[in-house]
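Structure file data-v1.cif; described as mmCIF, C-alpha atoms.
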data_protein
loop_
_atom_site.label_atom_id
_atom_site.label_comp_id
_atom_site.auth_asym_id
_atom_site.auth_seq_id
_atom_site.Cartn_x
_atom_site.Cartn_y
_atom_site.Cartn_z
CA MET A 1 52.67 176.05 213.99
CA SER A 2 50.59 176.05 217.15
CA SER A 3 48.44 173.59 219.03
CA ALA A 4 44.69 173.74 219.49
CA ASP A 5 44.68 173.91 223.29
CA PHE A 6 41.36 172.59 224.60
CA SER A 7 41.50 175.12 227.42
CA ARG A 8 41.43 177.95 224.85
CA THR A 9 39.73 176.46 221.78
CA PRO A 10 36.00 176.30 220.89
CA TRP A 11 34.60 173.05 219.55
CA VAL A 12 34.08 174.43 216.04
CA ASP A 13 37.81 175.05 215.69
CA VAL A 14 38.62 171.59 216.99
CA ALA A 15 36.25 170.18 214.36
CA LYS A 16 38.19 171.95 211.60
CA ARG A 17 41.47 170.52 212.89
CA ILE A 18 40.01 167.01 212.93
CA GLU A 19 38.63 167.38 209.40
CA ALA A 20 42.10 168.41 208.21
CA GLY A 21 43.67 165.39 209.94
CA THR A 22 45.33 165.87 213.30
CA LEU A 23 46.96 164.17 216.26
CA ALA A 24 46.13 164.67 219.93
CA VAL A 25 48.63 165.08 222.78
CA LEU A 26 47.73 163.99 226.30
CA ALA A 27 49.89 164.57 229.40
CA LEU A 28 49.76 162.15 232.31
CA GLY A 29 50.63 163.74 235.65
CA ALA A 30 50.13 163.12 239.35
CA CYS A 31 49.27 164.86 242.59
CA GLU A 32 52.08 163.93 244.95
CA GLN A 33 54.67 165.49 247.23
CA HIS A 34 57.80 167.03 245.75
CA GLY A 35 59.62 168.30 248.82
CA ALA A 36 59.11 171.69 250.43
CA HIS A 37 60.05 173.76 247.39
CA LEU A 38 57.84 172.30 244.64
CA PRO A 39 54.04 172.01 244.38
CA LEU A 40 52.02 168.82 244.53
CA THR A 41 51.16 169.26 240.84
CA THR A 42 54.80 169.16 239.70
CA ASP A 43 54.47 166.02 237.58
CA THR A 44 51.37 167.40 235.85
CA ASP A 45 52.90 170.84 235.31
CA MET A 46 56.03 169.34 233.78
CA ALA A 47 54.27 166.83 231.52
CA HIS A 48 51.71 169.35 230.28
CA GLY A 49 54.43 171.95 229.71
CA VAL A 50 56.44 169.52 227.59
CA GLY A 51 53.23 168.29 225.96
CA LYS A 52 52.24 171.82 224.91
CA ARG A 53 55.58 172.42 223.21
CA LEU A 54 55.27 169.07 221.46
CA ALA A 55 51.71 169.80 220.37
CA ASP A 56 52.83 173.18 219.01
CA GLU A 57 55.50 171.49 216.91
CA LEU A 58 53.03 168.88 215.65
CA ASP A 59 50.17 171.36 215.10
CA ALA A 60 48.14 168.96 217.22
CA LEU A 61 45.23 169.04 219.65
CA LEU A 62 46.46 169.65 223.21
CA LEU A 63 44.11 167.82 225.56
CA PRO A 64 43.59 168.77 229.21
CA PRO A 65 46.07 166.75 231.29
CA ILE A 66 45.17 163.87 233.57
CA THR A 67 46.13 165.43 236.89
CA TYR A 68 46.05 162.30 239.06
CA GLY A 69 48.16 159.18 238.80
CA ASP A 70 49.29 156.08 240.64
CA ALA A 71 51.28 157.77 243.42
CA TRP A 72 50.90 155.06 246.06
CA THR A 73 54.59 155.17 246.99
CA ALA A 74 54.17 158.78 248.18
CA SER A 75 50.80 158.38 249.87
CA ALA A 76 52.31 158.66 253.36
CA TYR A 77 53.05 162.35 252.68
CA PRO A 78 50.04 164.65 253.26
CA GLY A 79 48.73 166.14 250.03
CA THR A 80 49.44 163.15 247.83
CA ILE A 81 46.29 161.85 246.13
CA SER A 82 46.74 158.52 244.38
CA ILE A 83 44.37 156.70 242.06
CA SER A 84 44.54 153.01 241.24
CA PRO A 85 46.40 151.82 238.14
CA ARG A 86 43.17 150.36 236.75
CA THR A 87 41.44 153.73 237.14
CA LEU A 88 44.18 155.54 235.25
CA GLN A 89 44.21 152.87 232.56
CA ALA A 90 40.45 153.21 232.15
CA MET A 91 40.71 157.01 231.91
CA VAL A 92 43.30 156.85 229.13
CA GLU A 93 41.29 154.20 227.32
CA ASP A 94 38.04 156.18 227.58
CA ILE A 95 39.73 159.35 226.30
CA GLY A 96 41.30 157.39 223.46
CA HIS A 97 37.98 155.84 222.43
CA GLU A 98 36.42 159.31 222.32
CA LEU A 99 39.26 160.59 220.13
CA LEU A 100 38.81 157.63 217.82
CA ARG A 101 35.06 158.29 217.63
CA MET A 102 35.57 161.92 216.60
CA GLY A 103 38.17 161.08 213.96
CA VAL A 104 41.53 161.98 215.53
CA ARG A 105 44.29 160.16 213.65
CA GLY A 106 46.51 159.22 216.57
CA LEU A 107 47.32 159.87 220.23
CA VAL A 108 50.68 160.94 221.66
CA VAL A 109 50.96 160.43 225.43
CA VAL A 110 53.52 162.40 227.46
CA ASN A 111 54.05 160.70 230.82
CA GLY A 112 55.43 162.72 233.73
CA HIS A 113 55.19 160.18 236.54
CA PHE A 114 56.88 156.79 237.00
CA GLY A 115 53.84 155.14 238.56
CA ASN A 116 51.82 155.80 235.40
CA ARG A 117 53.98 153.71 233.13
CA GLU A 118 52.25 150.34 233.41
CA PRO A 119 48.69 151.73 233.12
CA MET A 120 49.80 153.83 230.15
CA LEU A 121 51.29 150.84 228.34
CA LEU A 122 48.24 148.65 228.95
CA ALA A 123 45.89 151.42 227.80
CA ALA A 124 47.96 151.93 224.65
CA ARG A 125 47.69 148.23 223.85
CA THR A 126 43.90 148.36 224.17
CA LEU A 127 43.59 151.48 222.02
CA VAL A 128 45.87 150.18 219.29
CA THR A 129 43.74 147.04 219.14
CA ALA A 130 40.66 149.28 218.78
CA GLY A 131 42.26 151.11 215.86
CA LEU A 132 43.83 154.22 217.42
CA PRO A 133 47.63 154.46 216.98
CA VAL A 134 49.29 155.48 220.26
CA CYS A 135 52.83 156.75 220.80
CA HIS A 136 53.82 156.85 224.48
CA LEU A 137 56.72 159.03 225.59
CA ASP A 138 58.54 158.95 228.93
CA TYR A 139 60.84 161.99 228.59
CA PRO A 140 63.08 160.18 226.09
CA GLY A 141 66.80 160.86 226.46
CA LEU A 142 66.42 162.35 229.93
CA GLU A 143 69.16 160.34 231.62
CA ARG A 144 71.73 161.39 229.02
CA LEU A 145 70.55 164.99 229.07
CA ALA A 146 70.65 165.19 232.86
CA ALA A 147 74.24 163.94 232.87
CA GLU A 148 75.22 166.56 230.29
CA ILE A 149 73.32 169.56 231.64
CA CYS A 150 72.99 169.20 235.41
CA ASP A 151 75.71 169.70 238.02
CA SER A 152 74.39 167.53 240.85
CA GLN A 153 74.37 163.75 241.05
CA PRO A 154 71.06 161.89 241.02
CA ALA A 155 70.03 160.04 244.17
CA GLY A 156 69.90 156.86 242.12
CA PRO A 157 70.48 155.85 238.48
CA GLY A 158 67.75 157.44 236.38
CA PHE A 159 65.91 158.54 239.54
CA TYR A 160 64.77 162.17 239.39
CA HIS A 161 62.33 163.45 242.00
CA ALA A 162 62.25 167.01 243.40
CA ASP A 163 65.92 167.23 242.44
CA GLU A 164 67.86 169.51 240.12
CA VAL A 165 66.25 168.00 237.01
CA GLU A 166 62.63 168.43 238.04
CA THR A 167 63.26 171.77 239.71
CA ALA A 168 64.96 173.12 236.58
CA ILE A 169 62.11 172.02 234.33
CA MET A 170 59.61 173.56 236.73
CA LEU A 171 61.55 176.83 236.67
CA ALA A 172 61.14 176.77 232.90
CA VAL A 173 57.44 175.82 232.66
CA ALA A 174 55.84 176.94 235.95
CA PRO A 175 58.27 179.16 237.91
CA GLU A 176 55.48 180.64 240.03
CA GLY A 177 55.20 177.30 241.83
CA VAL A 178 58.89 177.05 242.81
CA ASP A 179 60.32 178.37 246.09
CA MET A 180 64.09 178.07 245.82
CA GLU A 181 64.56 179.47 249.33
CA ARG A 182 63.13 176.19 250.64
CA ALA A 183 65.20 173.95 248.36
CA GLU A 184 67.37 171.53 250.33
CA PRO A 185 69.36 168.46 249.26
CA SER A 186 68.56 164.94 250.38
CA TYR A 187 70.37 161.75 249.48
CA PRO A 188 68.57 158.99 251.40
CA SER A 189 69.86 155.46 251.72
CA PHE A 190 67.65 153.22 249.62
CA PRO A 191 66.59 149.97 251.34
CA PRO A 192 68.29 146.89 249.85
CA THR A 193 64.92 145.63 248.58
CA PHE A 194 64.01 148.90 246.86
CA GLY A 195 62.43 148.01 243.53
CA SER A 196 61.76 144.45 244.63
CA GLU A 197 58.80 145.08 246.93
CA PRO A 198 56.16 147.78 247.44
CA MET A 199 57.31 150.44 249.89
CA GLN A 200 56.50 153.93 251.07
CA PHE A 201 59.17 156.53 250.30
CA ARG A 202 58.52 158.35 253.56
CA ASP A 203 59.75 155.32 255.49
CA PHE A 204 63.32 156.15 254.43
CA ASN A 205 63.06 159.77 253.22
CA PRO A 206 61.35 162.29 255.52
CA SER A 207 61.77 165.30 253.18
CA GLY A 208 60.64 163.66 249.95
CA VAL A 209 63.57 165.14 248.00
CA PHE A 210 65.87 162.77 246.11
CA GLY A 211 69.01 164.67 245.12
CA ASP A 212 70.04 168.32 245.24
CA PRO A 213 67.64 170.88 243.72
CA ARG A 214 69.77 173.92 244.59
CA PRO A 215 71.80 174.14 241.32
CA ALA A 216 68.62 174.23 239.23
CA THR A 217 68.04 177.16 236.87
CA ALA A 218 65.43 177.97 234.26
CA ALA A 219 68.15 177.88 231.59
CA LYS A 220 68.98 174.29 232.50
CA GLY A 221 65.28 173.50 232.40
CA GLU A 222 64.96 174.94 228.91
CA ALA A 223 67.96 172.90 227.78
CA LEU A 224 66.46 169.72 229.24
CA ILE A 225 63.12 170.39 227.58
CA ALA A 226 64.76 171.16 224.24
CA GLY A 227 66.59 167.83 224.36
CA ILE A 228 63.47 165.92 225.38
CA LEU A 229 61.47 167.66 222.66
CA GLY A 230 64.02 166.87 219.97
CA GLU A 231 64.12 163.19 220.88
CA SER A 232 60.33 163.07 221.18
CA LEU A 233 59.87 164.57 217.70
CA ARG A 234 62.27 161.99 216.27
CA ILE A 235 60.23 159.16 217.80
CA VAL A 236 56.89 160.65 216.76
CA ALA A 237 58.12 161.11 213.18
CA ALA A 238 59.10 157.44 212.98
CA TRP A 239 55.80 156.39 214.55
CA SER A 240 53.81 158.60 212.16
CA GLU A 241 55.60 157.15 209.16
CA ARG A 242 55.00 153.63 210.40
CA HIS A 243 51.26 154.26 210.65
CA GLY A 244 50.91 156.53 207.63
CA ILE A 245 49.72 159.46 209.73
#
Step by step, read the file and then write its structure as structure tokens.
Amino acid sequence: MSSADFSRTPWVDVAKRIEAGTLAVLALGACEQHGAHLPLTTDTDMAHGVGKRLADELDALLLPPITYGDAWTASAYPGTISISPRTLQAMVEDIGHELLRMGVRGLVVVNGHFGNREPMLLAARTLVTAGLPVCHLDYPGLERLAAEICDSQPAGPGFYHADEVETAIMLAVAPEGVDMERAEPSYPSFPPTFGSEPMQFRDFNPSGVFGDPRPATAAKGEALIAGILGESLRIVAAWSERHGI
């Protein structure tokens, strides 16, 4: 099976997919710093890369990704472009309403950025109320997979940013954007109120790296993606059965 990638598919072919009954896959990314060795589009590249593989497995429509997200915590680093949570929520809702109008049976959202979670959940609630089933995925199983596959320790529990995990996945989906010669470890001390108040990461982490990206390989990235994909397909299958899709 293969997806109907909107970047490569004419409208007449999309129409045939919709007539036959199809799902749509939408990746949520961000434009924010990821250290000196990864591009600003890392979250988008990762989410869209995973989303494409998922769409291929589901024979679904692969939508263009949303390339901006709520990246306020990284806005002190040049290059980061953040949008408000309400803007992102509205974008997901508007896209969902358009899919519903054209007859798409359901929307699968692949989120690649932590700051997008709340807007994604609120948008999903609105769309479900309007009649469009939504399954939102946040790299399910990643913490277990990272512990099994990666050699370095995360900077914090479940905290992966410009580290071995993200660098490995980028080496698998967009290696042209990775410069391993500039990869350096960083294990900053998190402020005691981290997670309990808004704060800028640059205030306690000059490099923007959380962890050690140096052990990353494309093979590890492929293993991480395979695990995420397997868990995602399990969830989507249960969701599809629940909604009769």
Next item on the list: Rank nothing, just name the residue among A:Gly211, A:Thr73, A:Ser84, A:His136 nearest to Phe194 in chain A, using all atoms listed in the file.
Entry: A:Thr73
Item checked: For CA of Asp94 in chain A and CA of Ile18 in chain A, the interatomic separation in Å (one decimal) -> 18.3 Å
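CA of Ala76 in chain A is positioned 16.4 Å from CA of Glu197 in chain A.
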Next item on the list: Select, counting all atoms listed in the file, all protein, DNA and RNA residues no farther than 12 Å from (63.2, 172.6, 221.3) in file coordinates, and express the selection as an NGL selection string.
Entry: :A and (50-57 or 221-234)
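In this structure, CA of Ser186 in chain A sits 11.1 Å away from CA of Gln153 in chain A.
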Next item on the list: May I ask which of the residues A:Ser2, A:Arg86, A:Val110, A:Asp45 is the closest one to Leu26 in chain A, counting only C-alpha atoms?
Entry: A:Val110
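Each of A:Val92, A:Ala183, A:Val173, A:Cys135 was checked against Pro119 in chain A using only C-alpha atoms; the smallest atom-to-atom distance is that of A:Val92.
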Item checked: Contacts of Leu23 in chain A within 10 Å, all atoms listed in the file, excl. fewer than 3 positions in-chain, as a ChimeraX atom specification -> /A:3,17-18,55,58-62,99,103-108,133-134,240,245
Next item on the list: Write out as a PyMOL selection string each polymer residue whose atoms come within 10 Å of Met46 in chain A, counting all atoms listed in the file; drop sequence neighbours fewer than 2 positions from it.
Entry: chain A and resi 27-29+41-44+48-52+110-113+166-167+169-174+225
